[in-house]
$ cat structure-v5.txt   # compact mmCIF, C-alpha atoms
# COMPACT_ATOMS: atom_id res chain seq x y z
CA MET A 641 61.57 98.34 94.40
CA LEU A 642 59.62 97.29 97.48
CA PRO A 643 61.41 97.24 100.82
CA THR A 644 62.11 93.86 102.32
CA LEU A 645 59.62 93.47 105.15
CA SER A 646 61.14 90.46 106.89
CA LEU A 647 64.44 92.18 107.72
CA PRO A 648 64.78 94.53 110.70
CA PRO A 649 65.88 98.10 109.93
CA TYR A 650 69.65 98.54 109.72
CA ALA A 651 72.21 101.15 108.71
CA ILE A 652 75.32 100.64 106.61
CA VAL A 653 78.40 102.73 107.39
CA VAL A 654 81.46 102.69 105.13
CA ASP A 655 84.56 103.92 106.97
CA TYR A 656 87.36 102.99 104.53
CA VAL A 657 87.64 102.96 100.75
CA SER A 658 90.85 102.24 98.84
CA GLU A 659 91.42 103.89 95.49
CA GLY A 660 92.06 101.12 92.98
CA GLU A 661 92.18 101.26 89.19
CA VAL A 662 89.40 98.73 88.56
CA ALA A 663 88.09 97.88 92.02
CA ASN A 664 88.04 99.45 95.47
CA LEU A 665 88.48 97.67 98.77
CA ILE A 666 85.82 98.80 101.21
CA ARG A 667 85.45 98.34 104.96
CA GLY A 668 82.70 99.33 107.30
CA TYR A 669 79.99 98.04 109.57
CA VAL A 670 76.27 97.53 109.77
CA GLU A 671 74.28 98.79 112.73
CA LEU A 672 71.57 96.25 113.44
CA LYS A 673 69.46 96.14 116.60
CA GLY A 674 72.06 98.13 118.55
CA ALA A 675 74.99 95.97 117.41
CA ARG A 676 77.83 96.92 115.08
CA VAL A 677 78.99 94.13 112.79
CA ARG A 678 82.11 94.72 110.67
CA PHE A 679 82.38 93.82 106.99
CA SER A 680 84.82 94.27 104.15
CA GLY A 681 84.42 93.80 100.46
CA VAL A 682 85.28 94.70 96.92
CA ALA A 683 83.39 97.30 94.89
CA TYR A 684 83.53 97.23 91.11
CA GLY A 685 82.10 100.12 89.20
CA ARG A 686 84.18 101.02 86.20
CA PHE A 687 82.91 98.61 83.54
CA GLY A 688 79.50 97.00 83.20
CA GLY A 689 77.80 98.84 86.04
CA GLN A 690 78.10 98.80 89.80
CA ASN A 691 78.70 95.68 91.82
CA PHE A 692 79.63 95.11 95.43
CA SER A 693 80.60 91.89 97.13
CA PRO A 694 80.36 92.19 100.94
CA GLN A 695 82.43 89.77 102.99
CA PHE A 696 81.72 88.82 106.61
CA SER A 697 83.77 86.70 108.97
CA LYS A 698 82.18 83.48 110.19
CA ALA A 699 81.48 85.11 113.58
CA ALA A 700 79.89 88.15 111.87
CA ARG A 701 77.69 85.88 109.72
CA THR A 702 76.51 84.06 112.84
CA ARG A 703 75.77 87.34 114.60
CA ILE A 704 73.80 88.72 111.64
CA GLN A 705 71.89 85.44 111.37
CA ALA A 706 70.91 85.80 115.03
CA LEU A 707 69.92 89.48 114.65
CA ALA A 708 68.31 89.50 111.18
CA GLY A 709 67.04 85.94 110.85
CA ASP A 710 68.05 85.13 107.27
CA PHE A 711 71.70 85.83 106.39
CA ALA A 712 71.27 85.24 102.64
CA GLU A 713 68.36 87.68 102.46
CA PHE A 714 70.30 90.22 104.54
CA GLU A 715 73.39 89.90 102.33
CA GLU A 716 71.35 90.37 99.15
CA ASP A 717 69.51 93.39 100.58
CA MET A 718 72.79 94.92 101.76
CA GLN A 719 74.40 94.40 98.36
CA LEU A 720 71.48 96.17 96.62
CA ARG A 721 71.62 99.04 99.11
CA LEU A 722 75.37 99.49 98.60
CA VAL A 723 74.96 99.55 94.81
CA ARG A 724 72.17 102.16 95.14
CA GLY A 725 74.34 104.29 97.41
CA ASP A 726 72.09 103.73 100.43
CA PHE A 727 74.84 103.98 103.06
CA GLU A 728 76.69 106.55 105.13
CA ALA A 729 80.32 107.33 104.35
CA LYS A 730 82.10 108.06 107.61
CA PRO A 731 85.91 108.17 107.56
CA PRO A 732 87.62 107.38 110.88
CA LYS A 733 88.15 110.35 113.18
CA GLU A 734 91.93 110.14 112.85
CA GLU A 735 91.98 110.72 109.10
CA HIS A 736 95.73 110.19 108.64
CA HIS A 737 97.57 108.00 106.22
CA HIS A 738 99.08 105.06 108.07
CA HIS A 739 101.46 103.85 105.41
CA HIS A 740 104.86 104.99 104.21
CA HIS A 741 106.41 104.80 100.80
CA LEU A 742 109.97 103.60 100.70
CA SER A 743 111.16 106.83 99.08
CA GLU A 744 109.46 109.26 101.50
CA GLY A 745 111.53 111.14 104.03
CA GLY A 746 114.49 108.77 103.83
CA GLU A 747 113.15 106.84 106.85
CA LEU A 748 112.81 103.47 105.15
CA GLY A 749 115.15 103.73 102.24

$ encode --input "structure-v5.txt" --output "structure tokens"
Amino acid sequence: MLPTLSLPPYAIVVDYVSEGEVANLIRGYVELKGARVRFSGVAYGRFGGQNFSPQFSKAARTRIQALAGDFAEFEEDMQLRLVRGDFEAKPPKEEHHHHHHLSEGGELG
């Protein structure tokens, strides 16, 4: 596969992945021309191969359009890179669980 020449170089960093049965929720950011732009999405990979659907807020789309030129081309390239595993996995520094189950510790029930 030939690299896309019209897009500027960028890095993809995934900093959160849920552990779902069929799909995983993923959050992270792209580093593009010195800017960090957040994204979220759903990754499917159990049946029928890998697929990833990145989601950007309207403001993030506008920012990427300004930095990369063509949002649709960027989104397609990013999706292919995520499926290939061309990203950095970087959990947040404070790697603690921030949720409580109702039965834990008697605090909530």

$ residues_around --input "structure-v5.txt" --residues "Gly681 in chain A" --least-positions-apart "6" --cutoff "10 Å" --atoms "all atoms listed in the file" --output "NGL selection string"
:A and (657 or 664-668 or 692-696)

$ atom_distance --input "structure-v5.txt" --atom1 "CA of Ile704 in chain A" --atom2 "CA of Val662 in chain A"
29.6 Å

$ residues_around --input "structure-v5.txt" --residues "Glu713 in chain A" --least-positions-apart "6" --cutoff "10 Å" --atoms "only C-alpha atoms" --output "PyMOL selection string"
chain A and resi 644+646-647+705+719

$ closest_residue --input "structure-v5.txt" --among "A:Arg701, A:Gly660, A:Tyr650, A:Arg724" --to "Val682 in chain A" --atoms "only C-alpha atoms"
A:Gly660

$ residues_around --input "structure-v5.txt" --residues "Ala651 in chain A" --least-positions-apart "2" --cutoff "10 Å" --atoms "all atoms listed in the file" --output "PyMOL selection string"
chain A and resi 649+653+669-673+676+718+721+726-728

$ atom_distance --input "structure-v5.txt" --atom1 "CA of Asp717 in chain A" --atom2 "CA of Glu661 in chain A"
26.6 Å

$ atom_distance --input "structure-v5.txt" --atom1 "CA of Tyr684 in chain A" --atom2 "CA of Glu715 in chain A"
16.8 Å

$ closest_residue --input "structure-v5.txt" --among "A:Asn691, A:Thr702, A:Ser658, A:Ser697" --to "Glu716 in chain A" --atoms "all atoms listed in the file"
A:Asn691

$ residues_around --input "structure-v5.txt" --residues "Lys730 in chain A" --least-positions-apart "3" --cutoff "8 Å" --atoms "all atoms listed in the file" --output "ChimeraX atom specification"
/A:653-656

$ write_last_selection --input "structure-v5.txt" --atoms "C-alpha atoms" --output "PDB file, in the coordinates of the input"
ATOM      1  CA  VAL A 653      78.400 102.730 107.390  1.00  0.00           C
ATOM      2  CA  VAL A 654      81.460 102.690 105.130  1.00  0.00           C
ATOM      3  CA  ASP A 655      84.560 103.920 106.970  1.00  0.00           C
ATOM      4  CA  TYR A 656      87.360 102.990 104.530  1.00  0.00           C
TER       5      TYR A 656
END

$ decode --input "structure-v5.txt" --residues "range 641-669 of chain A" --atoms "N, CA and C atoms" --output "PDB file, in the first residue's frame"
ATOM      1  N   MET A 641       0.844  -1.171   0.000  1.00  0.00           N
ATOM      2  CA  MET A 641       0.000   0.000   0.000  1.00  0.00           C
ATOM      3  C   MET A 641       0.894   1.240   0.000  1.00  0.00           C
ATOM      4  N   LEU A 642       0.644   2.145  -0.902  1.00  0.00           N
ATOM      5  CA  LEU A 642       1.442   3.354  -1.004  1.00  0.00           C
ATOM      6  C   LEU A 642       0.981   4.374   0.029  1.00  0.00           C
ATOM      7  N   PRO A 643       1.918   5.102   0.622  1.00  0.00           N
ATOM      8  CA  PRO A 643       1.500   6.140   1.567  1.00  0.00           C
ATOM      9  C   PRO A 643       0.753   7.250   0.846  1.00  0.00           C
ATOM     10  N   THR A 644      -0.126   7.904   1.565  1.00  0.00           N
ATOM     11  CA  THR A 644      -0.865   9.016   0.996  1.00  0.00           C
ATOM     12  C   THR A 644       0.030  10.242   1.039  1.00  0.00           C
ATOM     13  N   LEU A 645       0.334  10.798  -0.115  1.00  0.00           N
ATOM     14  CA  LEU A 645       1.293  11.888  -0.199  1.00  0.00           C
ATOM     15  C   LEU A 645       0.686  13.239   0.109  1.00  0.00           C
ATOM     16  N   SER A 646      -0.615  13.396  -0.040  1.00  0.00           N
ATOM     17  CA  SER A 646      -1.204  14.713   0.152  1.00  0.00           C
ATOM     18  C   SER A 646      -1.472  15.040   1.621  1.00  0.00           C
ATOM     19  N   LEU A 647      -1.394  14.065   2.509  1.00  0.00           N
ATOM     20  CA  LEU A 647      -1.624  14.329   3.923  1.00  0.00           C
ATOM     21  C   LEU A 647      -0.303  14.615   4.627  1.00  0.00           C
ATOM     22  N   PRO A 648      -0.306  15.553   5.588  1.00  0.00           N
ATOM     23  CA  PRO A 648       0.908  15.773   6.373  1.00  0.00           C
ATOM     24  C   PRO A 648       1.126  14.595   7.320  1.00  0.00           C
ATOM     25  N   PRO A 649       2.361  14.374   7.778  1.00  0.00           N
ATOM     26  CA  PRO A 649       2.598  13.289   8.728  1.00  0.00           C
ATOM     27  C   PRO A 649       1.819  13.533  10.026  1.00  0.00           C
ATOM     28  N   TYR A 650       1.324  12.467  10.613  1.00  0.00           N
ATOM     29  CA  TYR A 650       0.616  12.576  11.892  1.00  0.00           C
ATOM     30  C   TYR A 650       0.759  11.283  12.666  1.00  0.00           C
ATOM     31  N   ALA A 651       0.590  11.390  13.979  1.00  0.00           N
ATOM     32  CA  ALA A 651       0.659  10.223  14.864  1.00  0.00           C
ATOM     33  C   ALA A 651      -0.708  10.001  15.484  1.00  0.00           C
ATOM     34  N   ILE A 652      -1.035   8.735  15.708  1.00  0.00           N
ATOM     35  CA  ILE A 652      -2.285   8.363  16.373  1.00  0.00           C
ATOM     36  C   ILE A 652      -1.918   7.773  17.729  1.00  0.00           C
ATOM     37  N   VAL A 653      -2.543   8.287  18.780  1.00  0.00           N
ATOM     38  CA  VAL A 653      -2.313   7.781  20.131  1.00  0.00           C
ATOM     39  C   VAL A 653      -3.658   7.349  20.707  1.00  0.00           C
ATOM     40  N   VAL A 654      -3.737   6.091  21.132  1.00  0.00           N
ATOM     41  CA  VAL A 654      -4.937   5.561  21.780  1.00  0.00           C
ATOM     42  C   VAL A 654      -4.655   5.535  23.278  1.00  0.00           C
ATOM     43  N   ASP A 655      -5.488   6.246  24.061  1.00  0.00           N
ATOM     44  CA  ASP A 655      -5.239   6.304  25.500  1.00  0.00           C
ATOM     45  C   ASP A 655      -6.345   5.677  26.347  1.00  0.00           C
ATOM     46  N   TYR A 656      -7.359   5.099  25.703  1.00  0.00           N
ATOM     47  CA  TYR A 656      -8.410   4.390  26.443  1.00  0.00           C
ATOM     48  C   TYR A 656      -9.042   3.355  25.530  1.00  0.00           C
ATOM     49  N   VAL A 657      -9.196   2.137  26.058  1.00  0.00           N
ATOM     50  CA  VAL A 657      -9.902   1.078  25.341  1.00  0.00           C
ATOM     51  C   VAL A 657     -10.785   0.354  26.349  1.00  0.00           C
ATOM     52  N   SER A 658     -12.088   0.274  26.063  1.00  0.00           N
ATOM     53  CA  SER A 658     -12.985  -0.513  26.900  1.00  0.00           C
ATOM     54  C   SER A 658     -12.813  -1.982  26.511  1.00  0.00           C
ATOM     55  N   GLU A 659     -13.344  -2.854  27.310  1.00  0.00           N
ATOM     56  CA  GLU A 659     -13.265  -4.283  26.992  1.00  0.00           C
ATOM     57  C   GLU A 659     -14.670  -4.829  26.804  1.00  0.00           C
ATOM     58  N   GLY A 660     -15.173  -4.725  25.587  1.00  0.00           N
ATOM     59  CA  GLY A 660     -16.522  -5.199  25.288  1.00  0.00           C
ATOM     60  C   GLY A 660     -16.507  -6.600  24.718  1.00  0.00           C
ATOM     61  N   GLU A 661     -17.662  -7.217  24.666  1.00  0.00           N
ATOM     62  CA  GLU A 661     -17.790  -8.583  24.133  1.00  0.00           C
ATOM     63  C   GLU A 661     -17.607  -8.615  22.616  1.00  0.00           C
ATOM     64  N   VAL A 662     -18.239  -7.693  21.915  1.00  0.00           N
ATOM     65  CA  VAL A 662     -18.204  -7.684  20.456  1.00  0.00           C
ATOM     66  C   VAL A 662     -17.433  -6.479  19.928  1.00  0.00           C
ATOM     67  N   ALA A 663     -17.518  -5.365  20.636  1.00  0.00           N
ATOM     68  CA  ALA A 663     -16.863  -4.135  20.188  1.00  0.00           C
ATOM     69  C   ALA A 663     -16.192  -3.454  21.377  1.00  0.00           C
ATOM     70  N   ASN A 664     -15.191  -2.657  21.096  1.00  0.00           N
ATOM     71  CA  ASN A 664     -14.505  -1.882  22.120  1.00  0.00           C
ATOM     72  C   ASN A 664     -14.679  -0.402  21.829  1.00  0.00           C
ATOM     73  N   LEU A 665     -14.937   0.362  22.872  1.00  0.00           N
ATOM     74  CA  LEU A 665     -14.930   1.817  22.745  1.00  0.00           C
ATOM     75  C   LEU A 665     -13.488   2.274  22.880  1.00  0.00           C
ATOM     76  N   ILE A 666     -13.081   3.180  22.029  1.00  0.00           N
ATOM     77  CA  ILE A 666     -11.696   3.634  22.010  1.00  0.00           C
ATOM     78  C   ILE A 666     -11.680   5.149  22.027  1.00  0.00           C
ATOM     79  N   ARG A 667     -10.734   5.706  22.790  1.00  0.00           N
ATOM     80  CA  ARG A 667     -10.527   7.156  22.797  1.00  0.00           C
ATOM     81  C   ARG A 667      -9.051   7.432  22.630  1.00  0.00           C
ATOM     82  N   GLY A 668      -8.753   8.580  22.051  1.00  0.00           N
ATOM     83  CA  GLY A 668      -7.366   8.960  21.888  1.00  0.00           C
ATOM     84  C   GLY A 668      -7.272  10.305  21.206  1.00  0.00           C
ATOM     85  N   TYR A 669      -6.126  10.540  20.580  1.00  0.00           N
ATOM     86  CA  TYR A 669      -5.927  11.798  19.880  1.00  0.00           C
ATOM     87  C   TYR A 669      -4.972  11.588  18.720  1.00  0.00           C
TER      88      TYR A 669
END
